[in-house]
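This is start_19.csv (CSV, C-alpha atoms).
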chain,number,residue,atom,x,y,z
A,1315,MET,CA,83.8,110.3,82.1
A,1316,SER,CA,82.3,110.9,85.5
A,1317,HIS,CA,80.9,107.4,85.4
A,1318,LEU,CA,84.4,106.0,84.7
A,1319,PHE,CA,85.7,107.8,87.8
A,1320,THR,CA,82.8,106.6,89.9
A,1321,VAL,CA,83.5,103.0,88.9
A,1322,LEU,CA,87.2,103.3,89.4
A,1323,ALA,CA,86.7,104.8,92.9
A,1324,GLY,CA,84.4,102.0,93.9
A,1325,LYS,CA,81.5,104.3,94.4
A,1326,SER,CA,78.1,104.6,92.8
A,1327,SER,CA,75.8,107.5,91.8
A,1328,ASP,CA,72.7,105.5,92.7
A,1329,THR,CA,71.0,105.7,96.1
A,1330,PHE,CA,68.3,103.6,97.8
A,1331,LYS,CA,66.1,104.0,100.8
A,1332,LEU,CA,65.4,101.6,103.7
A,1333,GLY,CA,63.1,102.6,106.5
A,1334,GLY,CA,63.3,106.3,105.4
A,1335,VAL,CA,67.1,106.4,105.5
A,1336,GLU,CA,69.1,107.0,102.3
A,1337,PHE,CA,72.1,104.8,101.4
A,1338,GLN,CA,74.6,105.0,98.6
A,1339,ALA,CA,74.6,102.0,96.3
A,1340,ALA,CA,78.4,101.6,96.5
A,1341,PRO,CA,79.6,98.0,95.8
A,1342,VAL,CA,81.4,95.9,98.4
A,1343,THR,CA,84.8,94.4,97.6
A,1344,LEU,CA,85.1,90.8,96.4
A,1345,ARG,CA,86.7,89.9,99.8
A,1346,GLU,CA,83.7,91.3,101.7
A,1347,TYR,CA,81.3,89.6,99.3
A,1348,GLY,CA,83.1,86.3,99.9
A,1349,GLU,CA,82.5,86.7,103.6
A,1350,TYR,CA,78.8,87.2,102.8
A,1351,LEU,CA,78.7,84.1,100.5
A,1352,ALA,CA,79.7,82.0,103.5
A,1353,ILE,CA,76.7,83.0,105.5
A,1354,GLU,CA,74.2,83.6,102.7
A,1355,LYS,CA,72.3,80.4,103.2
A,1356,GLN,CA,71.8,81.0,107.0
A,1357,PRO,CA,68.8,82.9,108.5
A,1358,ILE,CA,68.7,86.7,108.3
A,1359,GLN,CA,69.5,87.0,112.0
A,1360,VAL,CA,73.0,85.7,111.2
A,1361,GLN,CA,73.4,87.9,108.1
A,1362,ALA,CA,72.3,91.0,110.0
A,1363,THR,CA,75.8,91.8,111.5
A,1364,TRP,CA,77.4,91.9,108.1
A,1365,LEU,CA,74.6,93.9,106.5
A,1366,ALA,CA,74.6,96.4,109.3
A,1367,ASP,CA,78.3,96.9,109.0
A,1368,LYS,CA,78.2,97.4,105.2
A,1369,LEU,CA,75.0,99.6,105.3
A,1370,GLY,CA,76.4,101.8,108.1
A,1371,ARG,CA,79.4,102.7,105.9
A,1372,ARG,CA,77.0,103.7,103.0
A,1373,LEU,CA,74.9,106.3,104.9
A,1374,GLN,CA,74.1,109.3,102.7
A,1375,ASN,CA,73.8,112.8,104.1
A,1376,THR,CA,76.1,112.0,107.0
A,1377,THR,CA,75.8,115.6,108.2
A,1378,LYS,CA,72.2,115.1,109.2
A,1379,SER,CA,71.8,114.8,113.0
A,1380,ASP,CA,68.8,112.5,113.1
A,1381,LEU,CA,70.4,109.5,111.3
A,1382,PRO,CA,69.9,106.3,113.2
A,1383,GLU,CA,72.8,104.1,114.2
A,1384,ILE,CA,72.7,101.1,111.9
A,1385,THR,CA,72.8,98.0,114.2
A,1386,ASP,CA,71.7,94.4,113.8
A,1387,GLU,CA,68.3,95.3,115.4
A,1388,TRP,CA,67.8,98.2,113.0
A,1389,VAL,CA,68.5,95.9,110.0
A,1390,LEU,CA,66.1,93.3,111.3
A,1391,ASP,CA,63.4,95.9,111.9
A,1392,ASN,CA,63.8,97.9,108.6
A,1393,LEU,CA,64.9,95.4,106.0
A,1394,PRO,CA,61.8,93.4,104.7
A,1395,LEU,CA,62.7,89.9,103.5
A,1396,PRO,CA,61.5,90.6,99.9
A,1397,PHE,CA,64.1,93.4,99.7
A,1398,LEU,CA,67.0,91.3,100.8
A,1399,LYS,CA,67.7,90.1,97.2
A,1400,ILE,CA,67.6,93.7,95.9
A,1401,VAL,CA,70.1,94.8,98.6
A,1402,GLN,CA,72.4,91.9,97.8
A,1403,HIS,CA,72.3,92.9,94.1
A,1404,ILE,CA,73.0,96.5,95.0
A,1405,LEU,CA,76.0,95.6,97.2
A,1406,LEU,CA,77.5,93.3,94.5
A,1407,TYR,CA,76.9,95.4,91.4
A,1408,GLY,CA,76.8,98.9,92.8
A,1409,GLU,CA,73.5,99.8,91.0
A,1410,MET,CA,69.8,99.2,91.2
A,1411,PRO,CA,68.6,96.0,89.5
A,1412,LYS,CA,67.3,96.6,86.0
A,1413,GLU,CA,63.5,96.2,85.9
A,1414,GLY,CA,62.3,93.0,84.2
A,1415,GLY,CA,65.5,92.3,82.5
A,1416,GLU,CA,68.4,90.0,83.1
A,1417,LYS,CA,71.2,91.7,85.0
A,1418,LYS,CA,74.2,92.4,83.0
A,1419,ALA,CA,77.1,90.0,83.4
B,430,MET,CA,85.9,85.3,86.2
B,431,ILE,CA,88.7,86.3,88.5
B,432,TRP,CA,91.0,83.8,86.8
B,433,ASP,CA,90.6,85.7,83.5
B,434,ALA,CA,92.2,88.8,85.1
B,435,LEU,CA,94.7,86.9,87.2
B,436,GLY,CA,98.0,86.3,85.5
B,437,VAL,CA,97.2,88.5,82.5
B,438,ASN,CA,98.3,92.0,83.7
B,439,GLY,CA,100.3,91.3,86.8
B,440,TRP,CA,97.6,91.5,89.4
B,441,THR,CA,97.9,89.3,92.4
B,442,LEU,CA,94.9,87.5,94.0
B,443,SER,CA,94.9,89.7,97.1
B,444,GLN,CA,94.9,92.9,95.0
B,445,LEU,CA,91.9,91.5,93.0
B,446,MET,CA,90.0,90.7,96.1
B,447,GLU,CA,90.2,94.3,97.2
B,448,LEU,CA,88.4,95.4,94.0
B,449,SER,CA,84.6,95.6,93.7
B,450,PHE,CA,82.7,93.7,91.1
B,451,PRO,CA,82.3,96.6,88.6
B,452,GLN,CA,86.0,97.3,89.0
B,453,LEU,CA,86.8,93.7,88.1
B,454,LEU,CA,84.6,93.9,85.0
B,455,PHE,CA,86.4,97.0,84.0
B,456,LEU,CA,89.7,95.2,84.4
B,457,GLN,CA,88.6,92.1,82.7
B,458,ARG,CA,87.4,93.9,79.6
B,459,GLY,CA,91.0,95.2,79.2
B,460,ARG,CA,90.1,98.8,79.3
B,461,GLY,CA,93.0,99.5,81.6
B,462,ARG,CA,95.3,98.3,78.9
B,463,ILE,CA,93.6,100.3,76.2
B,464,LEU,CA,93.9,103.5,78.3
B,465,TYR,CA,97.6,102.7,78.9
B,466,ALA,CA,98.2,102.2,75.1
B,467,ARG,CA,96.7,105.6,74.5
B,468,LEU,CA,98.6,107.3,77.2
B,469,GLU,CA,102.0,105.7,76.6
B,470,PRO,CA,103.1,107.9,73.6
B,471,GLN,CA,102.3,110.9,75.8
B,472,VAL,CA,104.4,109.6,78.6
B,473,GLN,CA,107.3,108.9,76.2
B,474,ALA,CA,107.0,112.3,74.7
B,475,ASN,CA,107.2,113.9,78.2
B,476,LEU,CA,110.4,111.9,78.9
B,477,ALA,CA,112.0,112.6,75.6
B,478,ASN,CA,113.2,116.1,76.7
B,479,LEU,CA,115.1,114.6,79.5
B,480,SER,CA,118.9,114.4,79.1
B,481,ALA,CA,122.0,114.4,81.3
B,482,LYS,CA,124.0,116.8,79.1
B,483,PRO,CA,124.7,120.2,80.7
B,484,GLY,CA,123.5,123.3,78.9
B,485,PRO,CA,125.7,125.5,76.6
B,486,LYS,CA,126.5,128.0,79.4
B,487,GLY,CA,127.2,125.3,82.0
B,488,GLU,CA,123.7,125.3,83.4
B,489,PRO,CA,122.7,122.0,85.2
B,490,SER,CA,121.1,119.5,82.9
B,491,GLU,CA,117.4,118.6,82.9
B,492,ALA,CA,118.1,115.3,84.7
B,493,HIS,CA,120.1,117.1,87.5
B,494,LYS,CA,117.3,119.6,87.9
B,495,VAL,CA,114.8,116.8,88.4
B,496,ILE,CA,117.2,115.1,90.9
B,497,GLN,CA,117.6,118.4,92.9
B,498,GLN,CA,113.8,118.9,93.0
B,499,HIS,CA,113.5,115.3,94.2
B,500,GLN,CA,116.1,115.8,96.9
B,501,LYS,CA,114.4,119.1,98.0
B,502,ARG,CA,111.0,117.3,98.3
B,503,LYS,CA,112.6,114.4,100.2
B,504,ALA,CA,114.2,116.9,102.6
B,505,GLY,CA,110.8,118.4,103.3
B,506,VAL,CA,111.4,121.8,101.6
B,507,ILE,CA,107.9,123.2,100.9
B,508,VAL,CA,107.6,125.8,98.2
B,509,PRO,CA,104.8,128.1,99.4
B,510,LEU,CA,101.9,128.5,97.0
B,511,THR,CA,100.4,131.9,96.1
B,512,ALA,CA,97.0,132.8,97.4
B,513,ASP,CA,95.4,132.1,94.1
B,514,GLU,CA,97.1,128.7,93.7
B,515,ARG,CA,96.1,127.8,97.2
B,516,ALA,CA,92.4,128.7,96.6
B,517,LEU,CA,92.4,126.8,93.3
B,518,ALA,CA,93.9,123.7,94.9
B,519,TYR,CA,91.5,123.8,97.8
B,520,ALA,CA,88.4,124.3,95.5
B,521,ARG,CA,89.6,121.3,93.4
B,522,ARG,CA,90.0,119.2,96.5
B,523,ILE,CA,86.5,120.1,97.6
B,524,LEU,CA,85.0,119.2,94.2
B,525,LEU,CA,86.8,115.8,94.4
B,526,GLU,CA,85.6,115.1,97.9
B,527,PRO,CA,83.5,112.0,96.9
B,528,TYR,CA,86.7,110.3,95.6
B,529,LEU,CA,89.4,111.7,98.0
B,530,GLY,CA,87.6,112.2,101.2
B,531,ASP,CA,87.4,115.2,103.5
B,532,PRO,CA,89.6,118.0,102.1
B,533,ASP,CA,90.3,119.6,105.5
B,534,VAL,CA,92.0,116.4,106.8
B,535,VAL,CA,94.7,116.8,104.1
B,536,GLU,CA,95.0,120.5,104.9
B,537,GLU,CA,95.9,119.7,108.5
B,538,GLN,CA,98.4,117.1,107.4
B,539,ALA,CA,100.1,119.5,105.0
B,540,THR,CA,100.5,122.2,107.7
B,541,ALA,CA,101.8,119.6,110.1
B,542,GLY,CA,104.5,118.5,107.7
B,543,ALA,CA,107.7,120.4,108.3
B,544,LEU,CA,111.5,120.0,108.0
B,545,PRO,CA,113.1,117.1,109.8
B,546,PRO,CA,115.1,118.1,113.0
B,547,PRO,CA,118.4,119.8,112.1
B,548,PHE,CA,121.6,117.9,112.6
B,549,PRO,CA,122.7,118.3,116.3
B,550,GLY,CA,125.8,120.4,116.9
B,551,MET,CA,126.2,121.5,113.3
B,552,GLY,CA,126.3,125.2,112.6
B,553,VAL,CA,124.5,126.9,109.7
B,554,ASP,CA,127.6,127.8,107.7
B,555,GLU,CA,129.0,124.2,108.0
B,556,ALA,CA,125.6,122.8,107.0
B,557,GLN,CA,125.4,125.1,104.0
B,558,ALA,CA,128.9,124.1,102.9
B,559,TRP,CA,127.8,120.5,103.0
B,560,VAL,CA,124.7,121.2,101.0
B,561,THR,CA,126.6,123.2,98.4
B,562,TRP,CA,129.2,120.5,98.1
B,563,VAL,CA,126.6,117.8,97.6
B,564,GLN,CA,124.3,119.8,95.2
B,565,GLY,CA,127.4,120.7,93.1
B,566,HIS,CA,127.9,116.9,92.5
B,567,HIS,CA,131.4,117.0,94.2
B,568,CYS,CA,130.4,114.3,96.7
B,569,PRO,CA,131.9,110.9,95.7
B,570,ALA,CA,129.7,107.9,96.0
B,571,PRO,CA,131.3,106.3,99.0
B,572,VAL,CA,130.9,109.5,101.0
B,573,TRP,CA,127.3,109.9,99.8
B,574,LEU,CA,126.6,106.4,101.1
B,575,GLU,CA,127.9,107.5,104.5
B,576,ILE,CA,125.9,110.7,104.8
B,577,GLN,CA,122.7,110.0,102.9
B,578,THR,CA,120.8,108.9,106.0
B,579,VAL,CA,121.5,112.2,107.7
B,580,TYR,CA,121.5,114.5,104.6
B,581,ASN,CA,117.9,115.6,105.2
B,582,ASN,CA,118.9,116.7,108.8
B,583,ILE,CA,122.0,118.5,107.4
B,584,TYR,CA,119.7,120.2,104.8
B,585,ALA,CA,117.4,121.3,107.6
B,586,ALA,CA,120.3,122.7,109.6
B,587,ALA,CA,121.3,124.8,106.6
B,588,GLN,CA,117.7,126.3,106.5
B,589,VAL,CA,117.7,127.3,110.1
B,590,LYS,CA,118.6,131.0,109.5
B,591,ALA,CA,116.4,131.3,106.3
Could I get this structure in the form of C-alpha cells?
Amino acid sequence: MSHLFTVLAGKSSDTFKLGGVEFQAAPVTLREYGEYLAIEKQPIQVQATWLADKLGRRLQNTTKSDLPEITDEWVLDNLPLPFLKIVQHILLYGEMPKEGGEKKA
Amino acid sequence: MIWDALGVNGWTLSQLMELSFPQLLFLQRGRGRILYARLEPQVQANLANLSAKPGPKGEPSEAHKVIQQHQKRKAGVIVPLTADERALAYARRILLEPYLGDPDVVEEQATAGALPPPFPGMGVDEAQAWVTWVQGHHCPAPVWLEIQTVYNNIYAAAQVKA
C-alpha cells in the first residue's frame, strides 16, 4: 500500500548517489521529459542545465548544511558519462535499473 | 502509450503531461477505475442516509444540516479542536510529510485564516437577526441572490460579540 501511495505522489523510495551526494529517485513528469528528449542528442554541456535543475530538486537530507549547490559545473564534474544512461532511466521510471534484465514496460 | 489513456477516462492531454511515467502506467492499466468500482458502493451507502425531510419533532433535516455546515465553513467559522485532536492531526501531518510537504507551513496558514471583515455599519443585533432569518430558511431566493455576496461579512458581524 505504501508503494501505491509513493507512485501516486510521484515520489520514489529509491535513492542514488553522485559525487558523494544522495538524491531521491523521483520520476520527472512527461512534460519535463519531453523537454529533455529535445536536447537528448546534443552534447552533455547542453543537457547539464536541465539535469542540474532536476537533480537539485531531488536532493536527499536537505537539512544537512554541507550540501553542494547543484549547478551546471557540478553536474559536468560529478556525472561520469557512463552513468548518464542510468540517471536518464532513474528520472523516467523513478527506480534503479534492473540488473541484467530488460526494463519493464 | 499516452493515446491509450487519452479519451478513455476523461483526462486531457495537459493533465496527462503533468503525470510521471509510473503514474501513467498506473492509469493505463485501469487501476484507477478498479479502485473507483470498489469504492462506489461505499460512497452510495454514505449518501443513502441523506434526505430533505425534517425530523419527527421538527428538527432540521440531514440535507439542511449539511448545508448549514457548508455555509459555516464558507463563512470562515472555525470550530476549535481539542488538545488531543490537535496533537493527533499534527502527528498525522508529520508522518505524511513526504507526500504533503512541510507540516508547519499549513499550521501557519490555518492560524492566519480568520473571519472575513464584518459588514460595515451593521450592529451585532441586526446581523444576528439576518443570520437567524437566513438559517431558518425564511429568505426568499431573489433576496438571497441580492445578499449572498455579503452574507459572509454579515455572518462575521454577528460573531463580533461572541
Next item on the list: May I ask you to extract the residues of chain A within 6 Å of chain B, using all atoms listed in the file, and to give them as a VMD selection string?
Entry: chain A and resid 1341 to 1345
Next item on the list: Give me, please, the distance in Å between CA of Pro545 in chain B and CA of Asp513 in chain B, quoted to one decimal.
Entry: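 So the two atoms, CA of Pro545 in chain B and CA of Asp513 in chain B, lie 28.0 Å apart.
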Check: What lies within 6 Å of range 1370-1373 of chain A using all atoms listed in the file, ignoring chain neighbours under 4 positions off, as an MDAnalysis selection string?
Finding: chainID A and resid 1337:1338 1366 1384
Could you name the residues that touch Val1335 in chain A at 8 Å or less, counting all atoms listed in the file, but leaving out those on the same chain fewer than 3 positions away, as an mmCIF file with C-alpha atoms, in the frame of the given file?
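Heads up, here's the output in out.cif:
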data_model
loop_
_atom_site.group_PDB
_atom_site.id
_atom_site.type_symbol
_atom_site.label_atom_id
_atom_site.label_comp_id
_atom_site.auth_asym_id
_atom_site.auth_seq_id
_atom_site.Cartn_x
_atom_site.Cartn_y
_atom_site.Cartn_z
ATOM 1 C CA LYS A 1331 66.100 104.000 100.800
ATOM 2 C CA LEU A 1332 65.400 101.600 103.700
ATOM 3 C CA LEU A 1373 74.900 106.300 104.900
ATOM 4 C CA LEU A 1381 70.400 109.500 111.300
#
Notebook entry, point to check: Leaving out range 496-511 of chain B and any residue of its chain fewer than 2 positions from it, which residues lie within 10 Å of it when counting only C-alpha atoms, given as an MDAnalysis selection string?
Noted result: chainID B and resid 489:494 513:518 539 542:545 564 580:585 588
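Take CA of Glu1349 in chain A and CA of Thr1385 in chain A: the distance between them is 18.3 Å.
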Item checked: Point-to-point distance in Å for CA of Pro1382 in chain A and CA of Leu1365 in chain A ->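 Interatomic distance here is 14.9 Å.
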Next item on the list: List the residues sitting within 8 Å of (76.5, 99.0, 89.8) in the file's frame, using only C-alpha atoms, as a PyMOL selection string.
Entry: (chain A and resi 1326+1339-1341+1404+1406-1410) or (chain B and resi 451)
Please write a file for range 1384-1419 of chain A, taken from the block I just shared, that holds C-alpha atoms and is laid out as a PDB file, in the first residue's frame.
ATOM      1  CA  ILE A1384      23.727  21.674  -7.899  1.00  0.00           C
ATOM      2  CA  THR A1385      24.856  23.778 -10.866  1.00  0.00           C
ATOM      3  CA  ASP A1386      25.847  23.023 -14.456  1.00  0.00           C
ATOM      4  CA  GLU A1387      29.505  22.871 -13.381  1.00  0.00           C
ATOM      5  CA  TRP A1388      28.707  20.451 -10.548  1.00  0.00           C
ATOM      6  CA  VAL A1389      26.905  18.131 -12.998  1.00  0.00           C
ATOM      7  CA  LEU A1390      29.751  18.234 -15.505  1.00  0.00           C
ATOM      8  CA  ASP A1391      32.295  17.469 -12.753  1.00  0.00           C
ATOM      9  CA  ASN A1392      30.384  14.753 -10.895  1.00  0.00           C
ATOM     10  CA  LEU A1393      28.314  12.907 -13.527  1.00  0.00           C
ATOM     11  CA  PRO A1394      30.540  10.432 -15.392  1.00  0.00           C
ATOM     12  CA  LEU A1395      29.328   9.823 -18.943  1.00  0.00           C
ATOM     13  CA  PRO A1396      28.736   6.049 -18.404  1.00  0.00           C
ATOM     14  CA  PHE A1397      26.258   6.963 -15.631  1.00  0.00           C
ATOM     15  CA  LEU A1398      24.247   9.283 -17.852  1.00  0.00           C
ATOM     16  CA  LYS A1399      22.059   6.422 -19.180  1.00  0.00           C
ATOM     17  CA  ILE A1400      21.379   5.241 -15.621  1.00  0.00           C
ATOM     18  CA  VAL A1401      20.377   8.730 -14.492  1.00  0.00           C
ATOM     19  CA  GLN A1402      18.078   9.049 -17.516  1.00  0.00           C
ATOM     20  CA  HIS A1403      16.460   5.712 -16.594  1.00  0.00           C
ATOM     21  CA  ILE A1404      16.017   6.802 -12.972  1.00  0.00           C
ATOM     22  CA  LEU A1405      14.456  10.134 -13.909  1.00  0.00           C
ATOM     23  CA  LEU A1406      11.989   8.471 -16.306  1.00  0.00           C
ATOM     24  CA  TYR A1407      10.993   5.342 -14.347  1.00  0.00           C
ATOM     25  CA  GLY A1408      11.587   6.518 -10.777  1.00  0.00           C
ATOM     26  CA  GLU A1409      13.619   3.458  -9.796  1.00  0.00           C
ATOM     27  CA  MET A1410      17.068   1.976 -10.276  1.00  0.00           C
ATOM     28  CA  PRO A1411      17.509  -0.068 -13.486  1.00  0.00           C
ATOM     29  CA  LYS A1412      17.076  -3.814 -13.007  1.00  0.00           C
ATOM     30  CA  GLU A1413      20.422  -5.575 -13.283  1.00  0.00           C
ATOM     31  CA  GLY A1414      20.887  -7.611 -16.443  1.00  0.00           C
ATOM     32  CA  GLY A1415      17.214  -7.697 -17.326  1.00  0.00           C
ATOM     33  CA  GLU A1416      15.012  -5.815 -19.690  1.00  0.00           C
ATOM     34  CA  LYS A1417      13.353  -2.848 -18.085  1.00  0.00           C
ATOM     35  CA  LYS A1418       9.671  -3.306 -17.502  1.00  0.00           C
ATOM     36  CA  ALA A1419       7.371  -1.594 -19.942  1.00  0.00           C
TER      37      ALA A1419
END
